[in-house]
>>> print(open('protein-v5.cif').read())   # mmCIF, C-alpha atoms
data_data
loop_
_atom_site.label_atom_id
_atom_site.label_comp_id
_atom_site.auth_asym_id
_atom_site.auth_seq_id
_atom_site.Cartn_x
_atom_site.Cartn_y
_atom_site.Cartn_z
CA MET S 26 -25.57 -25.59 -80.74
CA GLY S 27 -24.99 -27.07 -84.19
CA GLU S 28 -25.96 -30.57 -83.06
CA SER S 29 -29.38 -29.31 -82.02
CA LEU S 30 -30.64 -29.27 -85.59
CA GLU S 31 -32.26 -32.70 -85.44
CA MET S 32 -33.07 -32.24 -81.74
CA SER S 33 -36.16 -30.27 -80.80
CA THR S 34 -35.92 -27.47 -78.31
CA LEU S 35 -38.56 -25.50 -76.47
CA VAL S 36 -37.85 -22.13 -74.92
CA PHE S 37 -40.58 -21.09 -72.53
CA ILE S 38 -41.14 -17.76 -70.90
CA PRO S 39 -43.27 -17.42 -67.77
CA ALA S 40 -45.02 -14.05 -67.92
CA TRP S 41 -47.29 -12.26 -65.52
CA ASN S 42 -48.51 -8.86 -66.67
CA GLU S 43 -45.48 -8.21 -68.86
CA GLN S 44 -47.18 -6.83 -71.97
CA ASP S 45 -44.49 -4.17 -72.42
CA SER S 46 -41.52 -6.51 -72.57
CA VAL S 47 -42.77 -9.92 -73.66
CA ALA S 48 -42.68 -9.27 -77.42
CA GLU S 49 -39.11 -8.02 -77.19
CA VAL S 50 -38.03 -11.11 -75.27
CA ILE S 51 -39.69 -13.36 -77.87
CA ALA S 52 -37.96 -11.52 -80.71
CA ASP S 53 -34.65 -11.85 -78.88
CA VAL S 54 -35.11 -15.62 -78.43
CA ARG S 55 -36.18 -16.05 -82.05
CA GLU S 56 -33.09 -14.24 -83.24
CA GLN S 57 -30.62 -16.00 -80.96
CA ILE S 58 -32.14 -19.51 -80.94
CA PRO S 59 -33.98 -19.77 -84.26
CA ALA S 60 -34.39 -23.55 -84.07
CA ALA S 61 -36.42 -23.43 -80.87
CA ASP S 62 -40.18 -23.30 -80.48
CA ILE S 63 -41.32 -20.60 -78.13
CA LEU S 64 -44.01 -20.98 -75.50
CA VAL S 65 -45.18 -18.14 -73.30
CA VAL S 66 -46.78 -19.34 -70.07
CA ASP S 67 -49.19 -16.55 -69.26
CA ASP S 68 -49.71 -16.79 -65.51
CA GLY S 69 -53.17 -15.29 -65.30
CA SER S 70 -52.19 -11.88 -66.63
CA VAL S 71 -54.90 -9.23 -66.57
CA ASP S 72 -53.19 -7.12 -69.23
CA ALA S 73 -52.56 -7.91 -72.91
CA THR S 74 -49.54 -10.17 -72.29
CA ALA S 75 -51.12 -13.17 -74.05
CA ASP S 76 -52.20 -11.11 -77.08
CA HIS S 77 -48.80 -9.48 -77.44
CA ALA S 78 -47.09 -12.86 -77.16
CA ARG S 79 -49.39 -14.42 -79.77
CA ALA S 80 -48.88 -11.45 -82.06
CA ALA S 81 -45.12 -11.94 -81.71
CA GLY S 82 -45.58 -15.50 -82.96
CA ALA S 83 -45.25 -17.49 -79.75
CA THR S 84 -47.55 -20.26 -78.62
CA VAL S 85 -49.34 -19.17 -75.47
CA ALA S 86 -50.42 -21.35 -72.57
CA SER S 87 -52.71 -19.22 -70.44
CA LEU S 88 -53.33 -20.23 -66.85
CA PRO S 89 -56.89 -19.17 -65.98
CA PHE S 90 -55.72 -17.40 -62.82
CA ASN S 91 -52.44 -16.35 -61.29
CA GLN S 92 -50.76 -19.41 -59.79
CA GLY S 93 -47.29 -18.15 -59.03
CA LEU S 94 -43.95 -18.57 -60.76
CA GLY S 95 -43.49 -22.19 -59.68
CA ALA S 96 -46.75 -23.35 -61.23
CA ALA S 97 -46.02 -21.33 -64.38
CA LEU S 98 -42.59 -22.92 -64.78
CA GLN S 99 -44.02 -26.35 -64.14
CA THR S 100 -46.53 -25.72 -66.92
CA GLY S 101 -43.61 -25.11 -69.25
CA TYR S 102 -41.82 -28.29 -68.21
CA LEU S 103 -45.07 -30.23 -68.56
CA TYR S 104 -45.61 -28.90 -72.08
CA ALA S 105 -42.03 -29.71 -73.09
CA LEU S 106 -42.37 -33.24 -71.72
CA ARG S 107 -45.77 -33.96 -73.28
CA GLU S 108 -44.92 -32.49 -76.67
CA GLY S 109 -41.77 -34.57 -76.80
CA TYR S 110 -39.11 -31.89 -76.85
CA ASP S 111 -35.56 -33.10 -76.29
CA PHE S 112 -34.45 -29.97 -74.46
CA CYS S 113 -36.04 -26.97 -72.89
CA ALA S 114 -34.94 -23.68 -71.43
CA HIS S 115 -36.69 -20.83 -69.72
CA LEU S 116 -35.97 -17.19 -69.09
CA ASP S 117 -37.74 -14.28 -67.43
CA SER S 118 -40.17 -12.17 -69.42
CA ASP S 119 -39.00 -8.81 -68.10
CA GLY S 120 -35.96 -8.50 -70.32
CA GLN S 121 -33.36 -9.27 -67.65
CA HIS S 122 -32.13 -12.35 -69.44
CA PRO S 123 -30.40 -12.02 -72.81
CA ALA S 124 -31.38 -14.91 -75.11
CA SER S 125 -27.77 -15.22 -76.26
CA GLU S 126 -26.92 -16.43 -72.75
CA VAL S 127 -29.83 -18.88 -72.81
CA ALA S 128 -28.35 -20.32 -76.00
CA ARG S 129 -25.08 -20.95 -74.13
CA LEU S 130 -26.97 -22.78 -71.36
CA LEU S 131 -28.75 -24.91 -73.95
CA GLY S 132 -25.39 -25.73 -75.47
CA GLU S 133 -24.35 -27.32 -72.17
CA VAL S 134 -27.35 -29.69 -71.98
CA VAL S 135 -27.33 -30.45 -75.71
CA SER S 136 -23.71 -31.54 -75.49
CA ASP S 137 -24.76 -33.63 -72.45
CA ARG S 138 -22.37 -32.01 -70.00
CA ALA S 139 -25.25 -31.60 -67.53
CA ASP S 140 -28.94 -32.44 -67.06
CA LEU S 141 -29.83 -29.04 -65.66
CA VAL S 142 -27.92 -25.83 -66.23
CA LEU S 143 -28.48 -22.58 -64.34
CA GLY S 144 -27.44 -19.16 -65.44
CA SER S 145 -25.66 -17.44 -62.55
CA ARG S 146 -25.49 -13.70 -62.12
CA TYR S 147 -22.81 -13.92 -59.50
CA ARG S 148 -20.30 -16.51 -60.59
CA GLU S 149 -17.27 -14.79 -62.09
CA ARG S 150 -16.91 -14.88 -65.81
CA GLY S 151 -13.60 -16.32 -66.82
CA ASP S 152 -12.86 -13.97 -69.67
CA GLY S 153 -12.44 -10.87 -67.51
CA GLU S 154 -14.91 -8.97 -69.59
CA PRO S 155 -15.59 -5.50 -68.18
CA ALA S 156 -19.04 -4.96 -66.73
CA ASP S 157 -21.45 -2.93 -68.79
CA ALA S 158 -23.29 0.03 -67.36
CA ASP S 159 -26.61 -1.79 -67.62
CA ASP S 160 -25.32 -4.97 -66.04
CA TYR S 161 -27.27 -6.46 -63.19
CA ARG S 162 -26.55 -5.04 -59.73
CA PRO S 163 -28.37 -6.78 -56.88
CA THR S 164 -30.11 -4.78 -54.15
CA PHE S 165 -29.07 -5.19 -50.52
CA SER S 166 -31.99 -7.36 -49.44
CA ARG S 167 -31.51 -9.51 -52.49
CA LYS S 168 -27.85 -9.92 -51.57
CA VAL S 169 -28.65 -10.99 -48.01
CA GLY S 170 -31.32 -13.43 -49.15
CA THR S 171 -29.08 -14.88 -51.81
CA SER S 172 -26.21 -15.53 -49.42
CA VAL S 173 -28.50 -17.16 -46.84
CA PHE S 174 -29.89 -19.51 -49.46
CA ARG S 175 -26.48 -20.12 -50.91
CA PHE S 176 -25.23 -21.27 -47.53
CA PHE S 177 -28.12 -23.59 -46.79
CA LEU S 178 -28.39 -25.00 -50.27
CA THR S 179 -24.69 -25.79 -50.22
CA LEU S 180 -25.26 -27.52 -46.90
CA ALA S 181 -28.20 -29.47 -48.30
CA THR S 182 -26.74 -30.49 -51.63
CA ARG S 183 -22.99 -30.43 -50.90
CA GLN S 184 -22.59 -28.62 -54.17
CA ARG S 185 -21.72 -24.95 -54.48
CA PHE S 186 -24.32 -22.71 -56.05
CA THR S 187 -23.92 -18.97 -56.31
CA ASP S 188 -27.22 -17.88 -57.86
CA THR S 189 -29.83 -20.08 -56.25
CA THR S 190 -32.86 -18.14 -57.42
CA SER S 191 -31.82 -17.86 -61.03
CA GLY S 192 -34.78 -17.92 -63.41
CA MET S 193 -32.69 -18.77 -66.45
CA ARG S 194 -32.26 -22.49 -66.90
CA ALA S 195 -31.83 -25.16 -69.52
CA ALA S 196 -32.76 -28.80 -69.05
CA ASN S 197 -33.11 -32.19 -70.74
CA ARG S 198 -35.92 -34.73 -70.56
CA ARG S 199 -34.84 -36.28 -67.26
CA VAL S 200 -35.32 -32.90 -65.62
CA MET S 201 -38.63 -32.31 -67.42
CA ALA S 202 -39.95 -35.62 -66.09
CA LEU S 203 -38.88 -34.74 -62.56
CA PHE S 204 -40.07 -31.13 -62.52
CA SER S 205 -43.40 -31.72 -64.21
CA GLU S 206 -44.38 -34.00 -61.33
CA ASN S 207 -42.53 -32.55 -58.34
CA TYR S 208 -42.28 -28.82 -58.36
CA SER S 209 -43.15 -26.86 -55.28
CA PRO S 210 -45.49 -24.06 -56.21
CA ASP S 211 -44.29 -22.11 -53.20
CA PHE S 212 -40.61 -22.36 -53.61
CA ALA S 213 -39.77 -23.29 -57.11
CA GLU S 214 -36.18 -22.20 -57.44
CA ILE S 215 -34.57 -23.59 -54.31
CA GLU S 216 -36.50 -26.80 -53.89
CA SER S 217 -36.17 -27.78 -57.51
CA LEU S 218 -32.39 -27.47 -57.27
CA GLN S 219 -32.24 -29.52 -54.10
CA LEU S 220 -34.56 -32.09 -55.64
CA ALA S 221 -32.53 -32.40 -58.81
CA VAL S 222 -29.27 -32.88 -56.91
CA ARG S 223 -30.87 -35.43 -54.59
CA GLN S 224 -32.15 -37.38 -57.57
CA GLY S 225 -28.60 -37.66 -58.81
CA LEU S 226 -29.02 -35.33 -61.76
CA ARG S 227 -26.04 -33.35 -62.94
CA VAL S 228 -26.69 -29.72 -62.11
CA GLU S 229 -24.27 -27.12 -63.33
CA GLU S 230 -23.95 -23.37 -63.04
CA VAL S 231 -22.78 -21.21 -65.89
CA PRO S 232 -21.90 -17.54 -65.42
CA VAL S 233 -24.15 -15.31 -67.47
CA ARG S 234 -24.62 -11.63 -68.01
CA MET S 235 -27.93 -10.25 -66.86
CA LEU S 236 -29.42 -6.84 -67.42
CA GLU S 237 -31.27 -4.48 -65.13
CA ARG S 238 -35.02 -4.90 -65.33
CA ALA S 239 -36.50 -3.23 -68.37
CA GLY S 240 -39.80 -2.43 -66.67
CA GLY S 241 -41.59 -2.98 -63.38
CA SER S 242 -40.01 -3.33 -59.98
CA SER S 243 -38.87 -6.35 -58.02
CA PHE S 244 -41.58 -7.85 -55.85
CA LEU S 245 -39.21 -8.09 -52.90
CA THR S 246 -40.00 -5.70 -50.07
CA PRO S 247 -38.09 -6.29 -46.79
CA LEU S 248 -41.06 -8.02 -45.17
CA ARG S 249 -41.63 -10.20 -48.20
CA SER S 250 -37.94 -11.00 -48.28
CA ALA S 251 -38.08 -12.19 -44.69
CA PHE S 252 -41.11 -14.35 -45.44
CA PHE S 253 -39.39 -15.56 -48.60
CA ILE S 254 -36.30 -16.56 -46.64
CA PHE S 255 -38.34 -18.25 -43.93
CA LYS S 256 -40.31 -20.25 -46.48
CA GLY S 257 -37.11 -21.17 -48.25
CA LEU S 258 -35.50 -22.48 -45.10
CA VAL S 259 -38.53 -24.60 -44.26
CA VAL S 260 -38.53 -26.00 -47.78
CA LEU S 261 -34.83 -26.83 -47.62
CA LEU S 262 -35.11 -28.44 -44.20
CA VAL S 263 -38.05 -30.59 -45.22
CA GLY S 264 -36.40 -31.41 -48.52
CA MET S 265 -33.45 -32.97 -46.72
CA PHE S 266 -35.74 -35.61 -45.24
CA ARG S 267 -37.88 -36.21 -48.27
CA PRO S 268 -37.70 -39.77 -49.57
CA ARG S 269 -35.67 -40.19 -52.69
CA SER S 270 -37.96 -41.41 -55.46
CA VAL S 271 -36.53 -43.92 -57.87
CA GLU S 272 -38.68 -42.66 -60.70
CA ALA S 273 -36.20 -40.14 -61.98
CA GLU S 274 -33.46 -42.74 -62.17
CA ARG S 275 -35.06 -44.52 -65.08
CA MET O 19 -64.10 -45.26 -10.61
CA SER O 20 -63.02 -46.01 -7.09
CA LEU O 21 -59.81 -44.16 -7.77
CA SER O 22 -61.65 -41.05 -8.85
CA LEU O 23 -63.88 -41.29 -5.79
CA LEU O 24 -60.81 -41.41 -3.62
CA VAL O 25 -59.46 -38.29 -5.26
CA LEU O 26 -62.85 -36.70 -4.93
CA ALA O 27 -62.74 -37.30 -1.22
CA ALA O 28 -59.22 -35.98 -0.91
CA GLU O 29 -59.71 -32.51 -2.32
CA PRO O 30 -62.69 -30.33 -3.25
CA LYS O 31 -63.55 -30.96 -6.87
CA VAL O 32 -64.85 -28.35 -9.28
CA SER O 33 -67.31 -30.10 -11.52
CA LEU O 34 -70.09 -29.44 -14.01
CA THR O 35 -73.40 -28.28 -12.59
CA ALA O 36 -76.71 -29.77 -13.70
CA GLN O 37 -77.46 -26.49 -15.46
CA THR O 38 -74.36 -26.64 -17.67
CA ARG O 39 -75.01 -30.28 -18.44
CA ILE O 40 -78.53 -29.57 -19.70
CA LEU O 41 -77.30 -26.60 -21.71
CA ALA O 42 -74.47 -28.65 -23.21
CA ALA O 43 -76.86 -31.47 -24.15
CA ILE O 44 -79.25 -29.04 -25.85
CA LEU O 45 -76.37 -27.39 -27.72
CA ALA O 46 -74.99 -30.76 -28.81
CA LEU O 47 -78.38 -31.87 -30.14
CA ALA O 48 -78.90 -28.55 -31.94
CA PHE O 49 -75.43 -28.81 -33.39
CA MET O 50 -76.03 -32.29 -34.74
CA LEU O 51 -79.33 -31.20 -36.22
CA LEU O 52 -77.55 -28.29 -37.91
CA ILE O 53 -75.03 -30.71 -39.41
CA LEU O 54 -77.81 -32.93 -40.75
CA ASP O 55 -79.60 -29.92 -42.19
CA LEU O 56 -76.43 -28.70 -43.90
CA ILE O 57 -76.00 -32.12 -45.51
CA ARG O 58 -79.66 -32.12 -46.54
CA ARG O 59 -79.26 -28.74 -48.25
CA ASP O 60 -76.00 -29.80 -49.98
CA LYS O 61 -73.98 -27.20 -48.10
CA LEU O 62 -71.78 -29.84 -46.51
CA GLN O 63 -70.40 -33.00 -48.04
CA GLU O 64 -70.94 -36.22 -46.09
CA ARG O 65 -67.24 -37.01 -45.90
CA TYR O 66 -66.52 -33.73 -44.12
CA SER O 67 -69.53 -34.05 -41.84
CA VAL O 68 -68.39 -37.19 -40.02
CA VAL O 69 -65.85 -35.40 -37.89
CA TRP O 70 -68.39 -32.75 -36.84
CA PHE O 71 -70.99 -35.37 -36.05
CA VAL O 72 -68.50 -37.18 -33.85
CA ALA O 73 -67.75 -33.89 -32.11
CA GLY O 74 -71.47 -33.39 -31.45
CA LEU O 75 -71.80 -36.92 -30.09
CA GLY O 76 -68.81 -36.37 -27.84
CA MET O 77 -70.43 -33.26 -26.46
CA LEU O 78 -73.64 -35.17 -25.77
CA VAL O 79 -71.80 -38.02 -24.04
CA GLY O 80 -69.85 -35.55 -21.94
CA ALA O 81 -73.08 -33.88 -20.85
CA ALA O 82 -74.80 -37.18 -20.08
CA PHE O 83 -71.96 -38.80 -18.15
CA PRO O 84 -69.91 -36.14 -16.37
CA GLY O 85 -68.18 -38.95 -14.50
CA LEU O 86 -66.23 -39.69 -17.65
CA LEU O 87 -64.95 -36.12 -17.67
CA SER O 88 -63.81 -36.41 -14.07
CA ILE O 89 -61.82 -39.51 -14.91
CA VAL O 90 -60.20 -37.76 -17.85
CA ALA O 91 -59.43 -34.77 -15.64
CA ASP O 92 -57.79 -37.06 -13.10
CA VAL O 93 -55.68 -38.72 -15.76
CA MET O 94 -54.58 -35.28 -16.94
CA GLY O 95 -53.81 -34.28 -13.38
CA VAL O 96 -56.25 -31.39 -13.51
CA ARG O 97 -58.43 -30.66 -10.48
CA ASP O 98 -60.96 -28.55 -12.35
CA THR O 99 -63.05 -30.62 -14.77
CA ASN O 100 -63.80 -27.51 -16.79
CA VAL O 101 -60.12 -26.88 -17.45
CA ALA O 102 -59.77 -30.44 -18.66
CA LEU O 103 -62.79 -29.96 -20.90
CA PHE O 104 -61.41 -26.75 -22.39
CA SER O 105 -57.98 -28.28 -22.97
CA ILE O 106 -59.44 -31.27 -24.77
CA VAL O 107 -61.72 -29.17 -26.94
CA LEU O 108 -58.84 -26.84 -27.77
CA LEU O 109 -56.64 -29.75 -28.83
CA LEU O 110 -59.43 -31.23 -30.93
CA LEU O 111 -60.01 -27.89 -32.69
CA LEU O 112 -56.27 -27.59 -33.33
CA GLY O 113 -56.29 -31.02 -34.93
CA LEU O 114 -59.33 -30.12 -37.01
CA ALA O 115 -57.74 -26.89 -38.23
CA LEU O 116 -54.62 -28.78 -39.23
CA ASN O 117 -56.76 -31.35 -41.00
CA PHE O 118 -58.36 -28.57 -43.01
CA SER O 119 -54.98 -27.12 -43.94
CA VAL O 120 -53.98 -30.53 -45.26
CA ILE O 121 -57.19 -30.80 -47.27
CA MET O 122 -56.73 -27.25 -48.53
CA SER O 123 -53.17 -27.95 -49.66
CA ARG O 124 -54.30 -31.02 -51.55
CA GLN O 125 -57.06 -29.08 -53.24
CA ALA O 126 -54.69 -26.21 -54.08
CA ALA O 127 -52.39 -28.69 -55.81
CA GLN O 128 -55.34 -30.16 -57.68
CA ILE O 129 -56.54 -26.74 -58.78
CA THR O 130 -53.05 -25.85 -60.00
CA ARG O 131 -52.81 -29.03 -62.03
CA LEU O 132 -56.27 -28.43 -63.45
CA ALA O 133 -55.28 -24.89 -64.49
CA GLN O 134 -52.09 -26.22 -66.08
CA GLU O 135 -53.92 -28.90 -68.04
CA ARG O 136 -56.37 -26.32 -69.36
CA ALA O 137 -53.50 -23.98 -70.31
CA LEU O 138 -51.74 -26.81 -72.15
CA ASP O 139 -54.91 -27.76 -74.02
CA LYS O 140 -55.35 -24.19 -75.17
CA ALA O 141 -51.73 -23.98 -76.26
CA ARG O 142 -52.10 -27.22 -78.23
CA GLN O 143 -55.22 -25.90 -79.93
CA GLN O 144 -53.36 -22.79 -80.93
CA GLY O 145 -50.47 -24.87 -82.25
CA ALA O 146 -52.88 -27.07 -84.24
CA SER O 147 -54.59 -24.10 -85.87
CA GLY O 148 -51.20 -22.98 -87.15
CA ASN O 149 -51.36 -19.77 -85.23
CA GLY O 150 -48.18 -20.21 -83.24
CA ASP O 151 -44.81 -21.88 -83.47
CA GLU O 152 -44.15 -20.91 -87.07
CA PRO O 153 -42.39 -17.58 -87.28
CA HIS O 154 -44.50 -14.87 -88.87
CA GLY O 155 -43.41 -12.85 -91.84
CA GLU O 156 -42.17 -9.87 -89.90
CA SER O 157 -39.83 -11.91 -87.76
CA ALA O 158 -37.78 -13.95 -90.18
CA PRO O 159 -35.10 -15.57 -88.04
CA ALA O 160 -31.92 -13.63 -88.53
CA GLN O 161 -28.73 -15.60 -88.25
CA SER O 162 -26.65 -13.78 -85.73
CA SER O 163 -23.33 -14.18 -84.02
CA ARG O 164 -24.08 -17.10 -81.76
CA SER O 165 -21.23 -19.02 -80.27
#
>>> encode(input="protein-v5.cif", output="structure tokens")
Amino acid sequence: MGESLEMSTLVFIPAWNEQDSVAEVIADVREQIPAADILVVDDGSVDATADHARAAGATVASLPFNQGLGAALQTGYLYALREGYDFCAHLDSDGQHPASEVARLLGEVVSDRADLVLGSRYRERGDGEPADADDYRPTFSRKVGTSVFRFFLTLATRQRFTDTTSGMRAANRRVMALFSENYSPDFAEIESLQLAVRQGLRVEEVPVRMLERAGGSSFLTPLRSAFFIFKGLVVLLVGMFRPRSVEAER
Amino acid sequence: MSLSLLVLAAEPKVSLTAQTRILAAILALAFMLLILDLIRRDKLQERYSVVWFVAGLGMLVGAAFPGLLSIVADVMGVRDTNVALFSIVLLLLLGLALNFSVIMSRQAAQITRLAQERALDKARQQGASGNGDEPHGESAPAQSSRS
């Protein structure tokens, strides 16, 4: 990350009603990536998320009403693009993503080994490090959903991804330009990956350590998971026949 | 027309009675008046009223010239004119509903972008007033063991 000194970096954090954890996440990012500006995209929170984030020293972009994760992430990419940042990264606001791992992802794009880097929970770490007690363990429905998506995304992109729904990513300006214009509000994670690969961007996965959620519970009930999977498959299928735009090639 | 007459002669045809035709014509006229009134009271935008006005006109034409309906029924291979009528109306409504979903999706995307632009403006204001970005006193960036 040493070469990032003259490069500007934005780390943005989409947050929806995460007043209990957002300040901690900001402090973590500030400590691990001191050169980066921090933006919290407050996705129409009804609690004090925005106030806590501002108090912790982050810039806050508040959406006037809840728009969903995809729209929140797009807001971050849009801000990074418009404000002229060279690189951006985002992580979840619930404390699942250690900022030290985000710094590693940023290192990959800063050294231009990839345009878009994803943090993967599942890909094996090479160093054989023993798992911590608080390491991330996926639930059953999450496992099923993940493997379904993995299969179809591999089919669609001909590139192997293990953690298709990862919310920890780092990107350069080519990705910002693409995602700030074309980002499905319904199915941000999968479609964006497919889109990036189709546009010829270099997408890479890096194994990262993730923690169990600090607070709150996952939004995935079995019924929602089924709907989630169905939507995802539709998105992938349609995405295969979407015209390739030449815009991102510039 | 001669073809439809031939078919008419061949098998007993279920068609619209005079009563239904009058009722349909009255309904169609009332419907079109309602559309005009909605536009007048700014409850309906002109661009979304066209399709409803056309629907009302179609209803009126169907009531005035039931022969047209018989022809359509023949083309569809349906003996009962009413069945043909229902099928056509059903298809039209399906198309309309789809049309609205398309319009709704477009507007949802526009609303999202509007919300994002507002959020970005607010964030920029905050950045300009020196409230954000710069680390505050209590959180002096500590150099830690980054790779």
>>> residues_around(input="protein-v5.cif", residues="region 39-43 of chain O", least_positions_apart="3", cutoff="8 Å", atoms="all atoms listed in the file", output="PyMOL selection string")
chain O and resi 34-36+46-47+77-78+81-82
>>> atom_distance(input="protein-v5.cif", atom1="CA of Val66 (chain S)", atom2="CA of Asn91 (chain S)")
10.9 Å
>>> interface_residues(input="protein-v5.cif", of="chain S", to="chain O", cutoff="8 Å", atoms="all atoms listed in the file", output="list in words")
Met26, Ala52, Arg55, Glu56, Gln57, Pro59, Asp62, Ile63, Arg79, Ala81, Gly82, Ala83, Thr84, Val85, Ala86, Ser87, Leu88, Pro89, Phe90, Gln92, Ala96, Ala97, Thr100, Tyr104, Ser125, Ala128 and Arg129 of chain S
>>> atom_distance(input="protein-v5.cif", atom1="CA of Val72 (chain O)", atom2="CA of Gly95 (chain O)")
25.4 Å
>>> resolve_selection(input="protein-v5.cif", expression="the PyMOL selection byres ((chain S and resi 223) around 10)", output="PyMOL selection string")
chain S and resi 181-182+217-222+224-227+264-265+267-270
>>> write_last_selection(input="protein-v5.cif", atoms="C-alpha atoms", output="short mmCIF file (atom, residue, chain, number, x, y, z; two decimals), keeping the file's coordinate frame")
data_model
loop_
_atom_site.label_atom_id
_atom_site.label_comp_id
_atom_site.auth_asym_id
_atom_site.auth_seq_id
_atom_site.Cartn_x
_atom_site.Cartn_y
_atom_site.Cartn_z
CA ALA S 181 -28.20 -29.47 -48.30
CA THR S 182 -26.74 -30.49 -51.63
CA SER S 217 -36.17 -27.78 -57.51
CA LEU S 218 -32.39 -27.47 -57.27
CA GLN S 219 -32.24 -29.52 -54.10
CA LEU S 220 -34.56 -32.09 -55.64
CA ALA S 221 -32.53 -32.40 -58.81
CA VAL S 222 -29.27 -32.88 -56.91
CA GLN S 224 -32.15 -37.38 -57.57
CA GLY S 225 -28.60 -37.66 -58.81
CA LEU S 226 -29.02 -35.33 -61.76
CA ARG S 227 -26.04 -33.35 -62.94
CA GLY S 264 -36.40 -31.41 -48.52
CA MET S 265 -33.45 -32.97 -46.72
CA ARG S 267 -37.88 -36.21 -48.27
CA PRO S 268 -37.70 -39.77 -49.57
CA ARG S 269 -35.67 -40.19 -52.69
CA SER S 270 -37.96 -41.41 -55.46
#
>>> closest_residue(input="protein-v5.cif", among="O:Val120, O:Leu51, O:Val90, O:Leu62", to="Ile106 (chain O)", atoms="all atoms listed in the file")
O:Val90
>>> resolve_selection(input="protein-v5.cif", expression="the PyMOL selection byres ((chain S and resi 257) around 10)", output="NGL selection string")
:S and (170 or 173-174 or 177-178 or 211-216 or 251-256 or 258-263)
>>> decode(input="protein-v5.cif", residues="region 168-182 of chain S", atoms="N, CA and C atoms", output="PDB file, in the first residue's frame")
ATOM      1  N   LYS S 168     -25.263 -21.565   2.525  1.00  0.00           N
ATOM      2  CA  LYS S 168     -24.367 -22.471   1.800  1.00  0.00           C
ATOM      3  C   LYS S 168     -24.990 -22.918   0.487  1.00  0.00           C
ATOM      4  N   VAL S 169     -26.284 -23.302   0.566  1.00  0.00           N
ATOM      5  CA  VAL S 169     -26.982 -23.776  -0.628  1.00  0.00           C
ATOM      6  C   VAL S 169     -27.029 -22.663  -1.671  1.00  0.00           C
ATOM      7  N   GLY S 170     -27.467 -21.483  -1.223  1.00  0.00           N
ATOM      8  CA  GLY S 170     -27.573 -20.348  -2.133  1.00  0.00           C
ATOM      9  C   GLY S 170     -26.245 -20.028  -2.781  1.00  0.00           C
ATOM     10  N   THR S 171     -25.205 -20.031  -1.967  1.00  0.00           N
ATOM     11  CA  THR S 171     -23.884 -19.685  -2.471  1.00  0.00           C
ATOM     12  C   THR S 171     -23.426 -20.666  -3.537  1.00  0.00           C
ATOM     13  N   SER S 172     -23.689 -21.978  -3.304  1.00  0.00           N
ATOM     14  CA  SER S 172     -23.198 -22.939  -4.297  1.00  0.00           C
ATOM     15  C   SER S 172     -24.005 -22.872  -5.581  1.00  0.00           C
ATOM     16  N   VAL S 173     -25.305 -22.566  -5.482  1.00  0.00           N
ATOM     17  CA  VAL S 173     -26.114 -22.410  -6.691  1.00  0.00           C
ATOM     18  C   VAL S 173     -25.570 -21.254  -7.536  1.00  0.00           C
ATOM     19  N   PHE S 174     -25.354 -20.131  -6.864  1.00  0.00           N
ATOM     20  CA  PHE S 174     -24.847 -18.959  -7.579  1.00  0.00           C
ATOM     21  C   PHE S 174     -23.469 -19.204  -8.145  1.00  0.00           C
ATOM     22  N   ARG S 175     -22.653 -19.890  -7.342  1.00  0.00           N
ATOM     23  CA  ARG S 175     -21.293 -20.165  -7.773  1.00  0.00           C
ATOM     24  C   ARG S 175     -21.323 -20.902  -9.100  1.00  0.00           C
ATOM     25  N   PHE S 176     -22.205 -21.921  -9.159  1.00  0.00           N
ATOM     26  CA  PHE S 176     -22.302 -22.747 -10.353  1.00  0.00           C
ATOM     27  C   PHE S 176     -22.707 -21.904 -11.569  1.00  0.00           C
ATOM     28  N   PHE S 177     -23.782 -21.128 -11.389  1.00  0.00           N
ATOM     29  CA  PHE S 177     -24.294 -20.392 -12.535  1.00  0.00           C
ATOM     30  C   PHE S 177     -23.391 -19.226 -12.941  1.00  0.00           C
ATOM     31  N   LEU S 178     -22.780 -18.612 -11.967  1.00  0.00           N
ATOM     32  CA  LEU S 178     -21.891 -17.508 -12.297  1.00  0.00           C
ATOM     33  C   LEU S 178     -20.660 -18.022 -13.033  1.00  0.00           C
ATOM     34  N   THR S 179     -20.183 -19.190 -12.617  1.00  0.00           N
ATOM     35  CA  THR S 179     -19.060 -19.798 -13.309  1.00  0.00           C
ATOM     36  C   THR S 179     -19.447 -20.091 -14.752  1.00  0.00           C
ATOM     37  N   LEU S 180     -20.675 -20.597 -14.919  1.00  0.00           N
ATOM     38  CA  LEU S 180     -21.195 -20.879 -16.246  1.00  0.00           C
ATOM     39  C   LEU S 180     -21.257 -19.600 -17.086  1.00  0.00           C
ATOM     40  N   ALA S 181     -21.699 -18.522 -16.450  1.00  0.00           N
ATOM     41  CA  ALA S 181     -21.931 -17.276 -17.172  1.00  0.00           C
ATOM     42  C   ALA S 181     -20.622 -16.550 -17.494  1.00  0.00           C
ATOM     43  N   THR S 182     -19.674 -16.620 -16.592  1.00  0.00           N
ATOM     44  CA  THR S 182     -18.471 -15.815 -16.781  1.00  0.00           C
ATOM     45  C   THR S 182     -17.257 -16.638 -17.191  1.00  0.00           C
TER      46      THR S 182
END
